[in-house]
Amino acid sequence: MARLTYAGSETGSAGLPDSISDIGDKAFFGCASLSLEHWPAALTAVGAEAFAECASLRSVSLPDSLSVIEDKAFFGCASLSLEHWPAALTAVGAEAFAECASLSSAHLPDSLGAIGEKAFRDCKSLCAVKISSHKVNIGAYAFAGCRSLQKLEWPERIGGLGSNAFRDCPLQDVPWKENGLTYRGDCLLGADSGIVEAVIKDGTREIAPEAFHGCAGLTAVRIPASVATIGGSAFALCKSLETVKLPERLTSVANSLFACCHKLKSAYIPLGATHIGDSAFFACKSLQTLRLPDTVTSIGKDAFCECNNLSDITIPDSVSAISCRAFSECWKLTSFKFPAHLRTIEAYAFADSRLLSAHLPEGLISIGNCAFADCFSLRELHLPETLESIGMWAFACCERLEKAELPKGLKSIGEEAFSGCHKLSVPEMPAGLVSKGARIFTEVSTYY
């Protein structure tokens with residue numbers, strides 16, 4: 001593939017051969033009469049000022065292969081309108097389309113990572129912009145002076161927003177930055193990746209999903225009382241965050257809200273919260289104690305999985321189910337008060353924890369596969385009379401378990417449910433058992 005490097009002149013109608021992959025800097029600069037009838041299908045880059053001041057360049061359909069449009073590439077092309085935006089476009093340079101007075105819309109693709117400073121400045125006919133990429137960084141003054149811009153579609157969170165990006169645009173709820181935080185209306189959209197301390201503006205009602213995602217240096221955050229909604233993964237991978245107080249208006253702890261916050265030691269969950277989402281505190285390896293308010297009724301899967309130092313957690317009696325892997329690999333968890341209204345313990349819920357005893361409440365109906373597998377320290381087990389089902393490998397490899405009485409109402413017990421319990425004396429099987437898996441008591445110490 002060739003690079004086109006010749007300087008401009010008063011060129012009229014032209015077509016570029018398909019052998020061209022790169023149009024060099026100032027290749028057609030100032031060609032006031034230029035109109036292009038054909039663009040190379042494999043074009044990947046348009047250089048700086050390549051078509052700047054080409055006043056007659058009109059309807060253009062750029063090929064999907066084009067990935068980079070350099071600084072001022074189409075600056076001052078007063079008649080330019082784009083029929084098609086390239087699907088592979090990753091970067092629009094500074095002032096790339098500035099002062100393109102006839103450009104009416106910009107539908108920018110998922111692949112886009114950067115919109116340079118003043119990229120669309122003073123595009124006076126630009127009335128609609130659609131930004132599909134949630135990773136895009138929008139430079140300062142990128143759309144400043146676009147006085148016809150009334151429709152803007154973009155993700156709830158983007159990679160970054162420069163100052164005055166939409167200055168003098170007749171948009172409502174124009175986003176703005178303050179102290180390293182990006183807002184739109186009463187919603188906090190995102191934060192600068194290098195932020196250390198965050199004070200969220202009073203009056204903010206919503207924190208968008210992934211707003212602080214990956215802010216590895218964030219050590220402290222103040223969330224105002226006005227916040228009622230915090231989106232999923234909002235603080236995920238904030239590896240330096242140590243403590244957080246959630247606002248009183250919050251009713252749900254979203255999925256992955258604090259996932260992989262390795263230094264998080266404490267979190268306040270307000271009275272009124274009813275749900276702890278999937279992976280909400282996943283791999284919070286420094287979390288030691290936590291009290292869930294009495295209003296909580298459900299705990300999602302992986303909610304506290306790999307909280308290796310969690311030793312004390314208070315669960316209200318209103319919780320009826322403990323989901324898959326909710327407390328798996330909680331290596332410091334030696335005791336647990338099971339909720340009075342508990343009905344279901346799902347698969348792997350306490351697998352590889354360090355519980356010394358499990359006094360399961362009356363009303364419990366089912367224990368899932370591997371629910372207590374590899375609980376090497378488990379010595380005491382009480383199964384309620386209401387229990388109907390024990391899953392496969394439910395208590396496998398509970399090496400110190402010595403006694404387990406199966407309730408008379410038990411209807412199903414899965415394969416190898418107690419395998420590897422070397423000290424266990426095999427209990428009497430209930431007369432009403434309907435389903436019985438193979439090798440239930442493999443490698444136990446004694447048999448009746």
# chains A, B, ... in the order shown; residues from 1 in each chain; ligands from 1
>>> closest_atom_pairs(of="stretch 139-251 of chain A", to="stretch 101-107 of chain A", cutoff="10 Å", atoms="only C-alpha atoms", output="Markdown table")
| residue | atom | partner | partner_atom | distance |
| --- | --- | --- | --- | --- |
| A:Cys146 | CA | A:Ala101 | CA | 9.5 |
| A:Ser148 | CA | A:Ser104 | CA | 8.8 |
| A:Leu149 | CA | A:Ser104 | CA | 8.9 |
| A:Lys151 | CA | A:Ser105 | CA | 9.6 |
| A:Leu152 | CA | A:Ala106 | CA | 9.8 |
| A:Glu153 | CA | A:His107 | CA | 9.3 |
>>> residues_around(residues="A:Ile223", least_positions_apart="5", cutoff="12 Å", atoms="only C-alpha atoms", output="ChimeraX atom specification")
/A:188,197-207,228-230,243-250,268
>>> write_last_selection(atoms="N, CA and C atoms", output="short mmCIF file (atom, residue, chain, number, x, y, z; two decimals), in the first residue's frame")
data_model
loop_
_atom_site.label_atom_id
_atom_site.label_comp_id
_atom_site.auth_asym_id
_atom_site.auth_seq_id
_atom_site.Cartn_x
_atom_site.Cartn_y
_atom_site.Cartn_z
N LEU A 188 -23.61 12.02 38.65
CA LEU A 188 -22.16 11.96 38.54
C LEU A 188 -21.82 10.88 37.52
N GLU A 197 -8.85 11.86 46.32
CA GLU A 197 -9.97 12.09 47.23
C GLU A 197 -11.12 12.70 46.43
N ALA A 198 -12.31 12.20 46.67
CA ALA A 198 -13.48 12.68 45.92
C ALA A 198 -14.53 13.21 46.87
N VAL A 199 -14.92 14.46 46.64
CA VAL A 199 -16.03 15.06 47.38
C VAL A 199 -17.15 15.30 46.36
N ILE A 200 -18.16 14.48 46.41
CA ILE A 200 -19.24 14.56 45.44
C ILE A 200 -20.15 15.73 45.78
N LYS A 201 -20.53 16.46 44.77
CA LYS A 201 -21.28 17.70 44.93
C LYS A 201 -22.63 17.46 45.61
N ASP A 202 -22.98 18.29 46.59
CA ASP A 202 -24.29 18.22 47.23
C ASP A 202 -25.38 18.42 46.19
N GLY A 203 -26.46 17.68 46.31
CA GLY A 203 -27.54 17.74 45.35
C GLY A 203 -27.47 16.65 44.29
N THR A 204 -26.34 15.96 44.22
CA THR A 204 -26.21 14.83 43.29
C THR A 204 -27.17 13.73 43.72
N ARG A 205 -27.94 13.21 42.77
CA ARG A 205 -28.92 12.16 43.10
C ARG A 205 -28.50 10.77 42.63
N GLU A 206 -27.60 10.74 41.66
CA GLU A 206 -27.23 9.44 41.08
C GLU A 206 -25.73 9.40 40.81
N ILE A 207 -25.13 8.24 41.08
CA ILE A 207 -23.75 7.96 40.68
C ILE A 207 -23.84 6.87 39.60
N ALA A 228 -29.44 8.81 45.85
CA ALA A 228 -30.40 7.72 46.06
C ALA A 228 -30.07 6.47 45.25
N THR A 229 -29.23 6.63 44.22
CA THR A 229 -28.90 5.50 43.34
C THR A 229 -27.40 5.50 43.05
N ILE A 230 -26.80 4.32 43.19
CA ILE A 230 -25.40 4.14 42.81
C ILE A 230 -25.34 2.93 41.89
N THR A 243 -12.47 3.03 53.37
CA THR A 243 -13.74 3.08 54.08
C THR A 243 -14.74 3.89 53.27
N VAL A 244 -16.01 3.56 53.44
CA VAL A 244 -17.05 4.28 52.71
C VAL A 244 -18.34 4.24 53.51
N LYS A 245 -19.08 5.35 53.46
CA LYS A 245 -20.39 5.43 54.09
C LYS A 245 -21.42 5.67 53.00
N LEU A 246 -22.30 4.70 52.82
CA LEU A 246 -23.34 4.83 51.81
C LEU A 246 -24.48 5.68 52.35
N PRO A 247 -25.12 6.48 51.49
CA PRO A 247 -26.15 7.42 51.95
C PRO A 247 -27.43 6.72 52.41
N GLU A 248 -28.16 7.38 53.28
CA GLU A 248 -29.35 6.80 53.90
C GLU A 248 -30.47 6.51 52.90
N ARG A 249 -30.50 7.21 51.77
CA ARG A 249 -31.57 7.02 50.80
C ARG A 249 -31.37 5.79 49.92
N LEU A 250 -30.22 5.17 50.00
CA LEU A 250 -29.91 4.03 49.14
C LEU A 250 -30.73 2.80 49.54
N TYR A 268 -20.40 1.26 55.60
CA TYR A 268 -21.66 1.47 56.28
C TYR A 268 -22.79 1.30 55.27
#
>>> atom_distance(atom1="atom CA of A:Tyr141", atom2="atom CA of A:Gly159")
16.0 Å
>>> select_by_dssp(residues="stretch 281-445 of chain A", states="strand (DSSP E)", output="number ranges by chain")
A: 289-291, 298-299, 312-314, 321-322, 344-345, 357-359, 366-367, 380-382, 389-390, 412-413, 435-436
>>> closest_residue(among="A:Val426, A:Ala140, A:Ala347, A:Ala431", to="A:Glu443", atoms="only C-alpha atoms")
A:Val426
>>> atom_distance(atom1="atom CA of A:Asn137", atom2="atom CA of A:Gly116")
8.1 Å
>>> closest_residue(among="A:Phe97, A:Phe166, A:Phe74, A:Phe235", to="A:Ala191", atoms="only C-alpha atoms")
A:Phe235
>>> atom_distance(atom1="atom CA of A:Thr314", atom2="atom CA of A:Arg343")
17.6 Å
>>> residues_around(residues="stretch 168-176 of chain A", least_positions_apart="4", cutoff="9 Å", atoms="only C-alpha atoms", output="list in words")
Phe143, Ala144, Gly145, Cys146, Arg147, Ser148, Leu149, Gln150, Lys151, Leu152, Leu161, Gly162, Ser163, Asn164, Leu181, Thr182, Tyr183, Arg184, Gly185, Asp186 and Leu189 of chain A
>>> residues_around(residues="A:Arg379", least_positions_apart="2", cutoff="6 Å", atoms="only C-alpha atoms", output="PyMOL selection string")
chain A and resi 356-357+400-401
>>> residues_around(residues="A:Leu112", least_positions_apart="5", cutoff="9 Å", atoms="only C-alpha atoms", output="JSON, numbers by chain")
{"A": [67, 87, 88, 89, 90, 91, 92, 131, 132, 133, 134, 135, 136, 137]}
>>> closest_residue(among="A:Ser226, A:Thr274, A:Ser311, A:Ser33", to="A:Gln288", atoms="only C-alpha atoms")
A:Ser311
>>> residues_around(residues="A:Phe281", least_positions_apart="6", cutoff="7 Å", atoms="only C-alpha atoms", output="VMD selection string")
chain A and resid 256 to 259 303 to 304
>>> residues_around(residues="A:Ser335", least_positions_apart="5", cutoff="10 Å", atoms="only C-alpha atoms", output="compact mmCIF listing (two decimals) with C-alpha atoms, in the first residue's frame")
# COMPACT_ATOMS: atom_id res chain seq x y z
CA SER A 311 -14.42 -12.61 60.48
CA ASP A 312 -17.61 -10.96 61.73
CA ILE A 313 -20.78 -10.31 59.76
CA SER A 353 -14.68 -21.12 54.58
CA ARG A 354 -13.45 -21.83 58.12
CA LEU A 355 -16.75 -22.33 59.95
CA LEU A 356 -16.40 -24.33 63.16
CA SER A 357 -20.11 -25.07 63.42
CA ALA A 358 -23.28 -24.76 61.38
CA HIS A 359 -26.56 -24.69 63.30
CA LEU A 378 -16.36 -27.74 60.55
